[in-house]
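Raw contents of run38.cif, mmCIF, C-alpha atoms:
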data_final
loop_
_atom_site.label_atom_id
_atom_site.label_comp_id
_atom_site.auth_asym_id
_atom_site.auth_seq_id
_atom_site.Cartn_x
_atom_site.Cartn_y
_atom_site.Cartn_z
CA MET M 61 14.52 -5.79 -2.84
CA GLU M 62 14.34 -6.95 -6.44
CA ILE M 63 12.35 -9.99 -7.44
CA LYS M 64 12.78 -11.55 -10.86
CA GLY M 65 14.22 -8.25 -12.04
CA PHE M 66 11.39 -6.16 -10.55
CA ILE M 67 11.42 -4.08 -7.41
CA ASP M 68 9.00 -5.09 -4.65
CA PRO M 69 6.95 -1.90 -4.20
CA THR M 70 5.66 -2.95 -0.79
CA PHE M 71 7.59 -2.59 2.39
CA SER M 72 7.35 -6.28 3.30
CA ALA M 73 11.12 -6.49 3.57
CA VAL M 74 11.18 -4.12 6.52
CA GLN M 75 7.90 -5.08 8.20
CA ALA M 76 8.10 -6.00 11.86
CA LYS M 77 5.75 -8.68 13.13
CA VAL M 78 3.97 -7.73 16.35
CA PRO M 79 2.39 -10.68 18.15
CA PRO M 80 -1.04 -10.12 19.68
CA ALA M 81 -1.19 -9.68 23.44
CA ARG M 82 -1.56 -12.86 25.48
CA ARG M 83 -5.21 -13.69 26.18
CA PRO M 84 -6.19 -14.20 29.84
CA ALA M 85 -7.71 -17.56 30.81
CA SER M 86 -10.32 -15.92 33.02
CA LEU M 87 -11.81 -12.49 33.66
CA ALA M 88 -12.49 -13.25 37.33
CA GLY M 89 -11.26 -10.44 39.58
CA LYS M 90 -9.77 -8.52 36.66
CA VAL M 91 -10.30 -4.83 36.04
CA ILE M 92 -11.55 -4.42 32.47
CA GLY M 93 -10.81 -1.29 30.44
CA LEU M 94 -13.26 -0.34 27.70
CA LEU M 95 -12.27 2.44 25.35
CA ASP M 96 -15.22 4.44 24.01
CA ASN M 97 -14.43 5.65 20.49
CA THR M 98 -17.15 8.39 20.73
CA LYS M 99 -19.26 6.99 17.92
CA GLU M 100 -22.96 7.37 18.50
CA GLY M 101 -24.25 4.73 20.88
CA ALA M 102 -20.79 3.50 21.94
CA ASP M 103 -21.36 4.64 25.54
CA ILE M 104 -24.58 2.63 25.85
CA ILE M 105 -23.09 -0.50 24.31
CA LEU M 106 -19.97 -0.36 26.47
CA GLN M 107 -21.82 0.25 29.71
CA THR M 108 -24.00 -2.78 28.95
CA ILE M 109 -21.00 -4.94 28.11
CA GLY M 110 -19.10 -3.74 31.18
CA ASP M 111 -22.01 -4.65 33.43
CA ALA M 112 -22.32 -8.07 31.78
CA LEU M 113 -18.61 -8.83 32.22
CA VAL M 114 -18.92 -8.12 35.95
CA GLU M 115 -22.16 -10.02 36.41
CA ARG M 116 -21.52 -13.05 34.21
CA TYR M 117 -17.75 -13.43 34.23
CA GLY M 118 -16.80 -12.10 37.65
CA ALA M 119 -14.74 -9.15 36.49
CA ALA M 120 -13.92 -6.82 39.38
CA ARG M 121 -15.16 -3.73 37.55
CA ALA M 122 -15.14 -2.03 34.19
CA VAL M 123 -13.34 1.24 33.56
CA ILE M 124 -14.71 3.18 30.61
CA ARG M 125 -12.69 5.99 29.07
CA LYS M 126 -13.50 8.08 26.03
CA LYS M 127 -11.22 9.07 23.15
CA GLU M 128 -11.30 12.64 21.88
CA MET M 129 -12.80 11.53 18.57
CA PHE M 130 -13.44 8.19 16.91
CA SER M 131 -11.24 8.93 13.93
CA LYS M 132 -8.21 9.96 15.98
CA VAL M 133 -5.84 7.81 17.97
CA ALA M 134 -6.30 7.79 21.73
CA ALA M 135 -4.22 10.36 23.62
CA PRO M 136 -1.17 8.94 25.41
CA GLU M 137 -2.63 10.05 28.75
CA ILE M 138 -5.66 7.80 28.28
CA ILE M 139 -3.54 4.88 27.13
CA ASN M 140 -1.15 5.29 30.07
CA GLU M 141 -3.97 5.70 32.54
CA MET M 142 -5.64 2.53 31.30
CA ALA M 143 -2.34 0.65 31.23
CA GLY M 144 -1.86 1.51 34.90
CA GLU M 145 -5.37 0.71 36.04
CA VAL M 146 -6.70 -2.25 34.08
CA GLN M 147 -5.53 -5.78 33.36
CA ILE M 148 -7.52 -6.18 30.14
CA ALA M 149 -8.40 -3.44 27.68
CA VAL M 150 -10.77 -3.55 24.74
CA ALA M 151 -10.92 -0.86 22.07
CA ALA M 152 -14.59 -0.83 21.20
CA LEU M 153 -16.73 0.67 18.50
CA GLY M 154 -20.06 2.40 18.45
CA GLY M 155 -21.84 3.02 15.22
CA MET E 89 5.29 -15.61 -15.72
CA ASP E 90 4.26 -12.56 -17.67
CA GLU E 91 5.45 -9.47 -15.77
CA PHE E 92 2.04 -7.79 -15.85
CA GLU E 93 0.33 -10.88 -14.49
CA PHE E 94 2.97 -11.10 -11.75
CA PHE E 95 2.08 -7.69 -10.36
CA LEU E 96 -1.65 -8.19 -10.68
CA GLU E 97 -1.42 -11.45 -8.79
CA LYS E 98 0.51 -9.79 -5.97
CA GLN E 99 -2.21 -7.23 -5.20
CA TRP E 100 0.40 -4.52 -5.81
CA SER E 101 -1.80 -2.80 -8.31
CA ASP E 102 -5.18 -1.10 -8.51
CA GLY E 103 -6.42 -3.88 -10.77
CA PHE E 104 -4.92 -2.46 -13.92
CA PRO E 105 -1.51 -3.42 -15.25
CA VAL E 106 1.33 -1.33 -13.91
CA VAL E 107 4.63 -0.34 -15.46
CA THR E 108 7.04 -2.78 -13.89
CA PRO E 109 9.46 -0.92 -11.65
CA THR E 110 12.99 -1.89 -12.56
CA GLU E 111 16.11 -0.26 -11.18
CA GLU E 112 16.67 1.37 -14.55
CA ARG E 113 13.19 2.90 -14.71
CA VAL E 114 13.33 4.07 -11.11
CA ALA E 115 16.69 5.72 -11.75
CA ARG E 116 15.14 7.54 -14.72
CA MET E 117 12.23 8.65 -12.53
CA LEU E 118 14.58 9.93 -9.83
CA ALA E 119 16.10 12.28 -12.39
CA GLY E 120 12.90 14.28 -11.92
CA THR E 121 14.06 15.57 -8.53
CA ARG E 122 17.15 16.90 -6.83
CA ALA E 123 16.11 15.25 -3.57
CA GLU E 124 18.14 12.35 -2.21
CA PRO E 125 16.47 8.94 -2.81
CA ASP E 126 16.73 7.98 0.84
CA GLN E 127 15.07 11.15 2.09
CA ALA E 128 12.17 10.17 4.32
CA LEU E 129 8.82 11.85 3.70
CA GLY E 130 6.80 10.05 6.35
CA ASP E 131 5.00 6.75 6.90
CA ILE E 132 1.71 5.88 5.21
CA PRO E 133 -0.98 4.70 7.61
CA PRO E 134 -2.37 2.38 8.72
CA ALA E 135 0.49 -0.05 7.94
CA MET E 136 3.05 2.77 8.22
CA GLY E 137 5.09 1.78 5.19
CA PRO E 138 7.84 4.34 4.66
CA ALA E 139 7.43 6.90 1.90
CA THR E 140 10.87 7.97 0.80
CA VAL E 141 11.85 9.76 -2.37
CA ARG E 142 12.76 6.36 -3.75
CA THR E 143 9.53 4.56 -2.80
CA VAL E 144 7.55 7.46 -4.24
CA ALA E 145 9.57 7.15 -7.45
CA ILE E 146 8.89 3.40 -7.59
CA HIS E 147 5.15 4.07 -7.45
CA ALA E 148 5.42 6.92 -9.92
CA VAL E 149 6.97 4.45 -12.36
CA MET E 150 4.23 1.90 -11.71
CA ALA E 151 1.51 4.50 -12.24
CA GLY E 152 2.93 5.66 -15.55
CA CYS E 153 4.23 9.07 -14.46
CA LYS E 154 6.81 11.10 -16.32
CA PRO E 155 9.85 12.11 -14.23
CA GLU E 156 8.66 15.72 -14.26
CA TYR E 157 5.55 14.70 -12.33
CA LEU E 158 7.67 13.51 -9.42
CA PRO E 159 7.93 16.90 -7.65
CA ILE E 160 4.13 17.02 -7.40
CA LEU E 161 4.07 13.61 -5.74
CA LEU E 162 6.92 14.55 -3.42
CA GLY E 163 5.01 17.67 -2.46
CA ALA E 164 1.75 15.79 -1.98
CA ILE E 165 2.97 13.13 0.43
CA PRO E 166 3.84 15.45 3.35
CA LEU E 167 0.47 17.17 2.85
CA LEU E 168 -1.34 13.83 2.91
CA LEU E 169 0.36 13.03 6.20
CA ARG E 170 -0.68 16.22 7.98
CA PRO E 171 -2.63 15.18 11.06
CA GLU E 172 -5.65 17.38 10.33
CA LEU E 173 -6.27 15.61 7.00
CA ASN E 174 -6.54 12.37 9.00
CA LEU E 175 -5.40 9.93 6.32
CA ASN E 176 -5.25 7.09 8.83
CA ALA E 177 -8.98 7.32 9.46
CA VAL E 178 -9.87 7.77 5.79
CA GLN E 179 -7.88 4.67 4.91
CA GLY E 180 -9.91 2.64 7.36
CA THR E 181 -13.34 4.21 6.94
CA MET E 182 -16.59 2.63 5.75
CA GLY E 183 -16.90 5.75 3.60
CA SER E 184 -15.55 6.26 0.11
CA ALA E 185 -13.57 9.47 0.23
CA ALA E 186 -10.38 9.89 -1.75
CA PRO E 187 -7.69 12.54 -1.42
CA LEU E 188 -8.36 14.94 -4.29
CA LEU E 189 -5.29 16.90 -5.34
CA ILE E 190 -5.98 20.36 -6.74
CA VAL E 191 -2.69 21.56 -8.16
CA ASN E 192 -2.31 25.31 -8.77
CA GLY E 193 0.56 27.33 -10.16
CA PRO E 194 2.72 27.40 -13.29
CA TYR E 195 4.21 23.92 -12.85
CA ALA E 196 0.79 22.28 -13.13
CA LYS E 197 0.43 23.85 -16.57
CA GLN E 198 4.01 23.00 -17.51
CA VAL E 199 3.54 19.28 -16.90
CA GLY E 200 0.20 19.24 -18.68
CA LEU E 201 -2.27 18.79 -15.86
CA ASN E 202 -5.76 19.25 -17.21
CA GLY E 203 -8.33 21.54 -15.62
CA GLY E 204 -10.53 21.83 -18.69
CA ASN E 205 -12.76 19.49 -20.68
CA GLY E 206 -12.96 16.09 -19.05
CA CYS E 207 -10.66 16.94 -16.16
CA PHE E 208 -12.21 14.41 -13.75
CA GLY E 209 -12.05 11.64 -16.33
CA PRO E 210 -9.81 9.55 -18.54
CA GLY E 211 -7.42 10.63 -21.23
CA PHE E 212 -4.93 12.89 -19.49
CA ARG E 213 -1.66 11.34 -18.48
CA ALA E 214 -0.64 13.79 -15.75
CA ASN E 215 -4.04 13.73 -14.04
CA ALA E 216 -4.36 9.98 -14.37
CA SER E 217 -0.89 8.89 -13.36
CA ILE E 218 -0.21 11.36 -10.53
CA GLY E 219 -3.47 10.44 -8.81
CA ARG E 220 -2.85 6.78 -9.51
CA ALA E 221 0.61 6.91 -7.95
CA ILE E 222 -0.94 8.33 -4.78
CA ARG E 223 -3.48 5.49 -4.69
CA LEU E 224 -0.83 2.84 -5.29
CA MET E 225 1.13 4.21 -2.33
CA LEU E 226 -1.95 4.18 -0.12
CA THR E 227 -2.33 0.55 -1.16
CA ASN E 228 1.23 -0.78 -1.10
CA LEU E 229 2.75 1.32 1.70
CA GLY E 230 -0.39 1.98 3.73
CA SER E 231 -2.30 -1.28 3.12
CA GLY E 232 -5.50 0.67 2.50
CA ILE E 233 -6.89 -2.45 0.83
CA PRO E 234 -10.62 -3.25 1.05
CA GLY E 235 -11.09 -5.99 3.59
CA ILE E 236 -7.59 -5.54 5.03
CA GLY E 237 -6.74 -1.97 5.99
CA SER E 238 -9.97 -0.49 4.66
CA SER E 239 -13.58 -1.17 5.59
CA THR E 240 -14.96 0.91 2.74
CA VAL E 241 -18.46 -0.09 1.70
CA PHE E 242 -18.17 1.00 -1.92
CA ALA E 243 -14.91 2.91 -2.47
CA SER E 244 -15.28 5.10 -5.56
CA PRO E 245 -13.86 5.84 -8.99
CA LEU E 246 -11.89 8.67 -7.36
CA ARG E 247 -9.91 5.97 -5.58
CA TYR E 248 -8.26 5.10 -8.87
CA THR E 249 -7.03 8.61 -9.39
CA ALA E 250 -8.00 12.11 -8.21
CA CYS E 251 -5.84 14.95 -9.45
CA LEU E 252 -6.56 18.05 -11.50
CA THR E 253 -5.76 21.70 -11.87
CA GLU E 254 -8.05 24.69 -12.37
CA ASN E 255 -9.08 25.99 -15.74
CA MET E 256 -7.17 29.25 -15.42
CA GLU E 257 -7.44 30.01 -19.14
CA LEU E 258 -11.20 30.40 -18.84
CA SER E 259 -11.62 31.27 -15.18
CA PRO E 260 -12.73 34.82 -14.47
CA TRP E 261 -11.10 34.69 -11.04
CA GLU E 262 -7.77 34.22 -9.32
CA SER E 263 -6.89 30.62 -8.52
CA LEU E 264 -7.89 28.83 -5.34
CA ALA E 265 -4.28 29.07 -4.15
CA VAL E 266 -4.07 32.81 -4.81
CA ALA E 267 -7.36 33.27 -3.00
CA ARG E 268 -5.71 31.55 -0.03
CA GLY E 269 -2.87 34.07 -0.07
CA TYR E 270 -0.23 32.32 -2.15
CA ALA E 271 1.68 34.22 -4.83
CA PRO E 272 0.45 33.67 -8.42
CA ASP E 273 3.74 32.00 -9.36
CA ALA E 274 3.74 29.68 -6.35
CA ASN E 275 3.20 25.98 -6.97
CA VAL E 276 0.55 24.87 -4.54
CA ILE E 277 -1.35 21.67 -3.82
CA THR E 278 -4.68 21.62 -2.01
CA CYS E 279 -5.82 18.23 -0.81
CA ALA E 280 -9.35 17.46 0.39
CA MET E 281 -10.96 14.12 1.26
CA VAL E 282 -14.02 13.93 -0.95
CA ASP E 283 -16.52 11.66 -2.62
CA PRO E 284 -16.98 11.70 -6.41
CA PRO E 285 -18.63 14.65 -8.12
CA ARG E 286 -22.38 15.08 -8.13
CA TYR E 287 -23.04 16.94 -11.33
CA GLY E 288 -25.75 19.57 -11.38
CA PHE E 289 -27.25 20.80 -14.63
CA ASP E 290 -28.55 24.33 -15.17
CA ASP E 291 -28.86 25.66 -18.72
CA PHE E 292 -31.48 28.26 -17.88
CA SER E 293 -29.99 30.61 -15.29
CA THR E 294 -28.49 33.81 -16.62
CA GLU E 295 -27.87 35.48 -13.26
CA PRO E 296 -26.21 34.23 -10.06
CA GLY E 297 -29.29 34.14 -7.85
CA ARG E 298 -31.00 31.26 -9.59
CA LEU E 299 -27.74 29.61 -10.60
CA LEU E 300 -26.32 29.46 -7.08
CA THR E 301 -29.65 28.32 -5.66
CA GLY E 302 -29.45 25.21 -7.83
CA ILE E 303 -25.83 24.51 -6.92
CA ALA E 304 -26.54 25.07 -3.23
CA ASP E 305 -29.33 22.51 -3.39
CA SER E 306 -26.90 19.79 -4.43
CA MET E 307 -24.55 20.92 -1.63
CA SER E 308 -27.12 20.16 1.04
CA ALA E 309 -28.48 16.65 0.46
CA LEU E 310 -29.87 15.01 3.59
CA ASN E 311 -27.49 12.08 3.42
CA MET E 312 -24.26 14.04 3.15
CA MET E 313 -22.08 14.11 6.23
CA ASN E 314 -21.48 17.79 5.49
CA MET E 315 -24.95 18.49 6.84
CA SER E 316 -24.47 17.15 10.33
CA VAL E 317 -20.85 17.45 11.48
CA PRO E 318 -18.97 20.56 12.58
CA ARG E 319 -16.12 20.37 10.08
CA CYS E 320 -16.25 18.69 6.68
CA ALA E 321 -14.64 19.70 3.42
CA MET E 322 -16.56 20.25 0.20
CA VAL E 323 -15.18 20.99 -3.24
CA VAL E 324 -17.36 22.85 -5.73
CA ALA E 325 -16.00 22.84 -9.26
CA MET E 326 -17.87 25.42 -11.35
CA CYS E 327 -17.57 25.18 -15.07
CA PRO E 328 -16.18 28.40 -16.59
CA THR E 329 -19.51 29.32 -18.18
CA GLN E 330 -21.26 29.38 -14.83
CA ALA E 331 -18.36 31.12 -13.10
CA ARG E 332 -18.61 33.83 -15.77
CA ILE E 333 -22.31 34.33 -15.09
CA CYS E 334 -21.31 35.20 -11.53
CA ALA E 335 -18.33 37.32 -12.56
CA GLN E 336 -20.37 39.29 -15.09
CA ALA E 337 -22.78 40.14 -12.29
CA GLY E 338 -19.86 41.56 -10.34
CA MET E 339 -19.26 38.62 -8.03
CA GLY E 340 -15.71 37.68 -7.18
CA ARG E 341 -14.73 34.26 -5.93
CA ALA E 342 -15.13 35.27 -2.29
CA ALA E 343 -18.62 36.62 -2.90
CA VAL E 344 -19.70 33.37 -4.55
CA VAL E 345 -18.28 31.35 -1.65
CA GLU E 346 -20.14 33.55 0.79
CA ARG E 347 -23.41 33.30 -1.12
CA LEU E 348 -23.15 29.51 -1.43
CA ARG E 349 -22.59 29.29 2.31
CA GLU E 350 -25.74 31.33 2.86
CA LEU E 351 -27.85 29.28 0.47
CA ALA E 352 -26.61 25.73 1.08
CA GLY E 353 -28.34 24.26 4.08
CA ARG E 354 -31.66 23.25 5.53
CA PRO E 355 -33.79 23.96 8.56
CA VAL E 356 -33.70 21.40 11.36
CA ARG E 357 -37.23 20.23 10.54
CA GLU E 358 -36.06 19.08 7.09
CA LEU E 359 -32.84 17.54 8.31
CA ARG E 360 -34.81 15.33 10.67
CA ARG E 361 -36.60 13.70 7.74
CA GLY E 362 -33.72 11.42 6.79
CA GLY E 363 -30.04 11.01 6.12
CA THR E 364 -27.14 11.77 8.43
CA TRP E 365 -28.99 13.81 11.04
CA ARG E 366 -29.18 12.30 14.52
CA THR E 367 -29.39 13.87 17.92
CA GLU E 368 -26.01 12.65 19.15
CA ARG E 369 -24.37 14.33 16.15
CA ALA E 370 -26.42 17.49 16.45
CA GLU E 371 -25.24 17.87 20.04
CA LYS E 372 -21.71 18.35 18.72
CA LEU E 373 -22.75 21.20 16.42
CA ASN E 374 -23.20 23.65 19.28
CA ILE E 375 -26.52 24.91 17.95
CA ASP E 376 -30.05 25.04 19.31
CA PHE E 377 -31.25 22.02 17.36
CA HIS E 378 -34.55 21.99 19.23
CA ASN E 379 -35.46 25.04 17.16
CA GLU E 380 -37.11 23.41 14.15
CA ASP E 381 -36.78 26.55 12.06
CA LEU E 382 -33.07 26.98 12.67
CA PHE E 383 -31.14 27.02 9.38
CA VAL E 384 -28.19 24.62 9.47
CA PRO E 385 -25.59 25.48 6.81
CA ALA E 386 -23.83 22.73 4.86
CA ILE E 387 -20.58 24.65 5.21
CA LYS E 388 -20.16 25.50 8.86
CA HIS E 389 -16.62 26.84 8.67
CA PRO E 390 -15.50 29.21 5.89
CA ASP E 391 -12.29 27.24 5.24
CA ASP E 392 -14.24 24.10 4.37
CA LEU E 393 -15.61 25.22 0.99
CA HIS E 394 -13.08 24.86 -1.81
CA LEU E 395 -14.42 26.60 -4.90
CA ILE E 396 -12.54 26.00 -8.12
CA VAL E 397 -13.21 26.73 -11.76
CA ALA E 398 -12.71 23.60 -13.82
CA GLY E 399 -14.12 21.65 -16.71
CA GLY E 400 -15.06 22.88 -20.15
CA LEU E 401 -17.65 25.40 -21.24
CA GLY E 402 -21.21 24.33 -20.54
CA PRO E 403 -24.08 24.29 -18.06
CA ILE E 404 -22.69 21.96 -15.38
CA THR E 405 -21.17 22.36 -11.93
CA ALA E 406 -19.71 19.56 -9.83
CA VAL E 407 -20.18 19.23 -6.09
CA LEU E 408 -17.88 16.85 -4.24
CA PRO E 409 -19.10 16.11 -0.71
CA GLY E 410 -16.56 15.63 2.03
CA TRP E 411 -15.65 12.87 4.44
CA GLY E 412 -17.43 13.48 7.72
CA GLY E 413 -15.24 11.65 10.21
CA GLY E 414 -13.00 14.59 11.02
CA SER E 415 -10.79 15.71 8.16
CA ILE E 416 -9.71 19.23 7.34
CA ALA E 417 -8.35 19.97 3.87
CA VAL E 418 -4.70 20.97 3.65
CA HIS E 419 -2.68 23.08 1.26
CA GLY E 420 0.95 23.96 0.80
CA GLU E 421 3.65 24.89 -1.66
CA TYR E 422 5.86 22.29 -3.26
CA GLU E 423 9.31 22.60 -4.80
CA VAL E 424 10.06 21.96 -8.44
#
Would you write out, as structure tokens, the structure that this file holds?
Amino acid sequence: MEIKGFIDPTFSAVQAKVPPARRPASLAGKVIGLLDNTKEGADIILQTIGDALVERYGAARAVIRKKEMFSKVAAPEIINEMAGEVQIAVAALGG
Amino acid sequence: MDEFEFFLEKQWSDGFPVVTPTEERVARMLAGTRAEPDQALGDIPPAMGPATVRTVAIHAVMAGCKPEYLPILLGAIPLLLRPELNLNAVQGTMGSAAPLLIVNGPYAKQVGLNGGNGCFGPGFRANASIGRAIRLMLTNLGSGIPGIGSSTVFASPLRYTACLTENMELSPWESLAVARGYAPDANVITCAMVDPPRYGFDDFSTEPGRLLTGIADSMSALNMMNMSVPRCAMVVAMCPTQARICAQAGMGRAAVVERLRELAGRPVRELRRGGTWRTERAEKLNIDFHNEDLFVPAIKHPDDLHLIVAGGLGPITAVLPGWGGGSIAVHGEYEV
């Protein structure tokens, strides 16, 4: 694409827009997936949040899974497993 | 609108004016390669903008490259996208690491890459514009923009440009690439994710023991990630004068690497005092970290120390710490 005689160096012309997933109105009865990114302390934070979501918001349970390493994308097996088991998934950080 | 202002306003630059990429200029740049313009080289994370021969050429124009620099860029992109280098994570990190290109072989000399006086700094078109083209691609194709695709706390001057060759005229040793098993006439790029140089001064040592002790000290600062993760690159750029002190004492490159690995590190009791050390990290090192006297080396894997000879004559060696989030340096030949 050329603008005013210059080439657009970005790839905006071919970018696809991906809408965010629909947000649920309530967590009641839902199975929540929490993805541990392996950063230090992530397991403690996520366990605490998982417990709170069950106690305060009526979530059925929290499923916590761990990536191989924080700086790498989650393996397809983990993503597929979570997709099959949970209704809501949160990719969460430790630090 | 002025064409320079137009690009600066669009956030398509590193903050400096760029050469405006017109079809004519891009066509001239593409004369620097036999590759087809539409050839795909891979997608730049995290936004996954496509790097093709043509989009690389567009950024080479913007950065101020000569057409003969293009083969180096075309060789660098596939290396940058190797999974073990982990560009995606470095683009997003709080850290400041930049992909440093160390270009070895006859083509580096032919295009005028500098490995001598001032090689990490301004004034050398090949160094400046090749590294800049890489950064512009990480910005425009990858969206590695602070506050958007990057959560870097500081970034660093190396994120403007980071490209050099070795000072083979004054080096007493074979090049880094030859040490890795490449032929002397092979054109090779090594790429490591590193922070800017920490310069260490030593104008007193006349033998390797004292000299390497000083260098090793700056390789093992408490707050470097190198100290506390299993794999982390480090580049040590010795000035030719200091490399010669080692060579004259009979040390080859491999012997210096080995000695630096022995010297650079600290016992657990010191590492606990501050910096990157924490128990959860230490657990991943597979060592008995309850032993306070245990020596923990800065370089835990032999492939992680990249020793080069660069810079001018003098009493200074540069240590470039690595990015600690899981990145292994890569190297490979490129075609000219």
* Asked: Within 12 Å of Ala88 of chain M, counting all atoms listed in the file, which residues qualify if same-chain residues fewer than 5 places away don't, as a PyMOL selection string?
  -> chain M and resi 113-122+147-148
For the residues selected in the previous step, produce a file with C-alpha atoms as a compact mmCIF listing (two decimals), in the frame of the given file.
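Saved as result.txt:
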# COMPACT_ATOMS: atom_id res chain seq x y z
CA LEU M 113 -18.61 -8.83 32.22
CA VAL M 114 -18.92 -8.12 35.95
CA GLU M 115 -22.16 -10.02 36.41
CA ARG M 116 -21.52 -13.05 34.21
CA TYR M 117 -17.75 -13.43 34.23
CA GLY M 118 -16.80 -12.10 37.65
CA ALA M 119 -14.74 -9.15 36.49
CA ALA M 120 -13.92 -6.82 39.38
CA ARG M 121 -15.16 -3.73 37.55
CA ALA M 122 -15.14 -2.03 34.19
CA GLN M 147 -5.53 -5.78 33.36
CA ILE M 148 -7.52 -6.18 30.14
* For Asp102 of chain E: contacts at 10 Å, only C-alpha atoms, fewer than 3 positions along chain excluded, given as a PyMOL selection string -> chain E and resi 95-96+99+105-106+151+220-221+223-224+227-228+233+247-249
Create the file for the chosen residues now, containing C-alpha atoms and written as a compact mmCIF listing (two decimals), in the coordinates of the input.
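Final output, selection04.txt:
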# COMPACT_ATOMS: atom_id res chain seq x y z
CA PHE E 95 2.08 -7.69 -10.36
CA LEU E 96 -1.65 -8.19 -10.68
CA GLN E 99 -2.21 -7.23 -5.20
CA PRO E 105 -1.51 -3.42 -15.25
CA VAL E 106 1.33 -1.33 -13.91
CA ALA E 151 1.51 4.50 -12.24
CA ARG E 220 -2.85 6.78 -9.51
CA ALA E 221 0.61 6.91 -7.95
CA ARG E 223 -3.48 5.49 -4.69
CA LEU E 224 -0.83 2.84 -5.29
CA THR E 227 -2.33 0.55 -1.16
CA ASN E 228 1.23 -0.78 -1.10
CA ILE E 233 -6.89 -2.45 0.83
CA ARG E 247 -9.91 5.97 -5.58
CA TYR E 248 -8.26 5.10 -8.87
CA THR E 249 -7.03 8.61 -9.39
* To do: Run the PyMOL selection byres ((chain E) within 6 of (chain M)) against the file shown and list the residues it catches, as number ranges by chain.
  => E: 109-110, 137, 177, 228-229
Ala309 of chain E: which residues within 10 Å, counting only C-alpha atoms, same-chain residues fewer than 4 positions away excluded, as an mmCIF file with C-alpha atoms, in the coordinates of the input?
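Full text of result.cif as output:
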data_model
loop_
_atom_site.group_PDB
_atom_site.id
_atom_site.type_symbol
_atom_site.label_atom_id
_atom_site.label_comp_id
_atom_site.auth_asym_id
_atom_site.auth_seq_id
_atom_site.Cartn_x
_atom_site.Cartn_y
_atom_site.Cartn_z
ATOM 1 C CA ALA E 304 -26.540 25.070 -3.230
ATOM 2 C CA ASP E 305 -29.330 22.510 -3.390
ATOM 3 C CA MET E 313 -22.080 14.110 6.230
ATOM 4 C CA ASN E 314 -21.480 17.790 5.490
ATOM 5 C CA MET E 315 -24.950 18.490 6.840
ATOM 6 C CA ALA E 352 -26.610 25.730 1.080
ATOM 7 C CA GLY E 353 -28.340 24.260 4.080
ATOM 8 C CA ARG E 354 -31.660 23.250 5.530
ATOM 9 C CA LEU E 359 -32.840 17.540 8.310
ATOM 10 C CA GLY E 362 -33.720 11.420 6.790
ATOM 11 C CA GLY E 363 -30.040 11.010 6.120
ATOM 12 C CA THR E 364 -27.140 11.770 8.430
ATOM 13 C CA ALA E 386 -23.830 22.730 4.860
ATOM 14 C CA PRO E 409 -19.100 16.110 -0.710
#
* Asked: When the PyMOL selection byres ((chain E and resi 168) around 10) is applied to the file above, which residues end up in the set, as a PyMOL selection string?
  -> chain E and resi 130+132+163-167+169-176+187+189+222+278-281+417-419
* Distance query Gly183 of chain E at most 12 Å, all atoms listed in the file, self and fewer than 3 positions along chain excluded, as a list in words ->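 That gives Ala177, Val178, Gln179, Gly180, Ala186, Pro234, Ser238, Ser239, Thr240, Val241, Phe242, Ala243, Ser244, Arg247, Met281, Val282, Asp283, Pro284, Met312, Met313, Pro409, Gly410, Trp411, Gly412 and Gly413 of chain E.
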* To do: Would you translate the PyMOL selection byres ((chain E and resi 209) around 10) into the concrete set of residues it matches in this file, as a list in words?
  =>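 Written out, the selection comes to Asn202, Asn205, Gly206, Cys207, Phe208, Pro210, Gly211, Phe212, Asn215, Ala216, Pro245, Leu246, Thr249, Ala250, Cys251 and Leu252 of chain E.
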* Structure fact -> Among M:Ala76, M:Ile104, M:Val146, M:Ile138, Arg125 of chain M is approached most closely, using only C-alpha atoms, by M:Ile138
* So which one's closest to Ile139 of chain M, M:Thr108, M:Ala102, M:Lys127, M:Pro80? Using all atoms listed in the file, please. ->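 Closest to Ile139 of chain M of all the choices is M:Lys127.
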* Any idea what the distance is between atom CA of Glu421 of chain E and atom CA of Ala196 of chain E? ->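 That distance, rounded to one decimal, is 12.1 Å.
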* To do: Excluding Arg357 of chain E and any residue of its chain fewer than 4 positions from it, enumerate the residues within 9 Å of it, using only C-alpha atoms, and give them as a list in words.
  =>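 Selected residues are Arg361, Asn379, Glu380, Asp381 and Leu382 of chain E.
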Write the residues of the preceding selection, restricted to C-alpha atoms, as a PDB file, in the coordinates of the input.
ATOM      1  CA  ARG E 361     -36.600  13.700   7.740  1.00  0.00           C
ATOM      2  CA  ASN E 379     -35.460  25.040  17.160  1.00  0.00           C
ATOM      3  CA  GLU E 380     -37.110  23.410  14.150  1.00  0.00           C
ATOM      4  CA  ASP E 381     -36.780  26.550  12.060  1.00  0.00           C
ATOM      5  CA  LEU E 382     -33.070  26.980  12.670  1.00  0.00           C
TER       6      LEU E 382
END
* Identify which of the residues E:Pro385, E:Gly414, E:Pro125, E:Gly400 lies closest to Leu158 of chain E, counting only C-alpha atoms when measuring atom-to-atom distances. =>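 Of all the options, E:Pro125 lies closest to Leu158 of chain E.
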* Asked: In Å, with one decimal, what is the gap from atom CA of Ala325 of chain E to atom CA of Ser217 of chain E?
  ->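 Separation of atom CA of Ala325 of chain E and atom CA of Ser217 of chain E: 21.0 Å.
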* Structure fact -> Taken to one decimal, the atom CA of Leu393 of chain E-atom CA of Ala331 of chain E distance is 15.5 Å
* Using all atoms listed in the file, which residue out of E:Pro355, E:Gly230, E:Pro272, E:Pro296 lies closest to Pro134 of chain E? ->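 Answer, going by the shortest atom-to-atom distance: E:Gly230.
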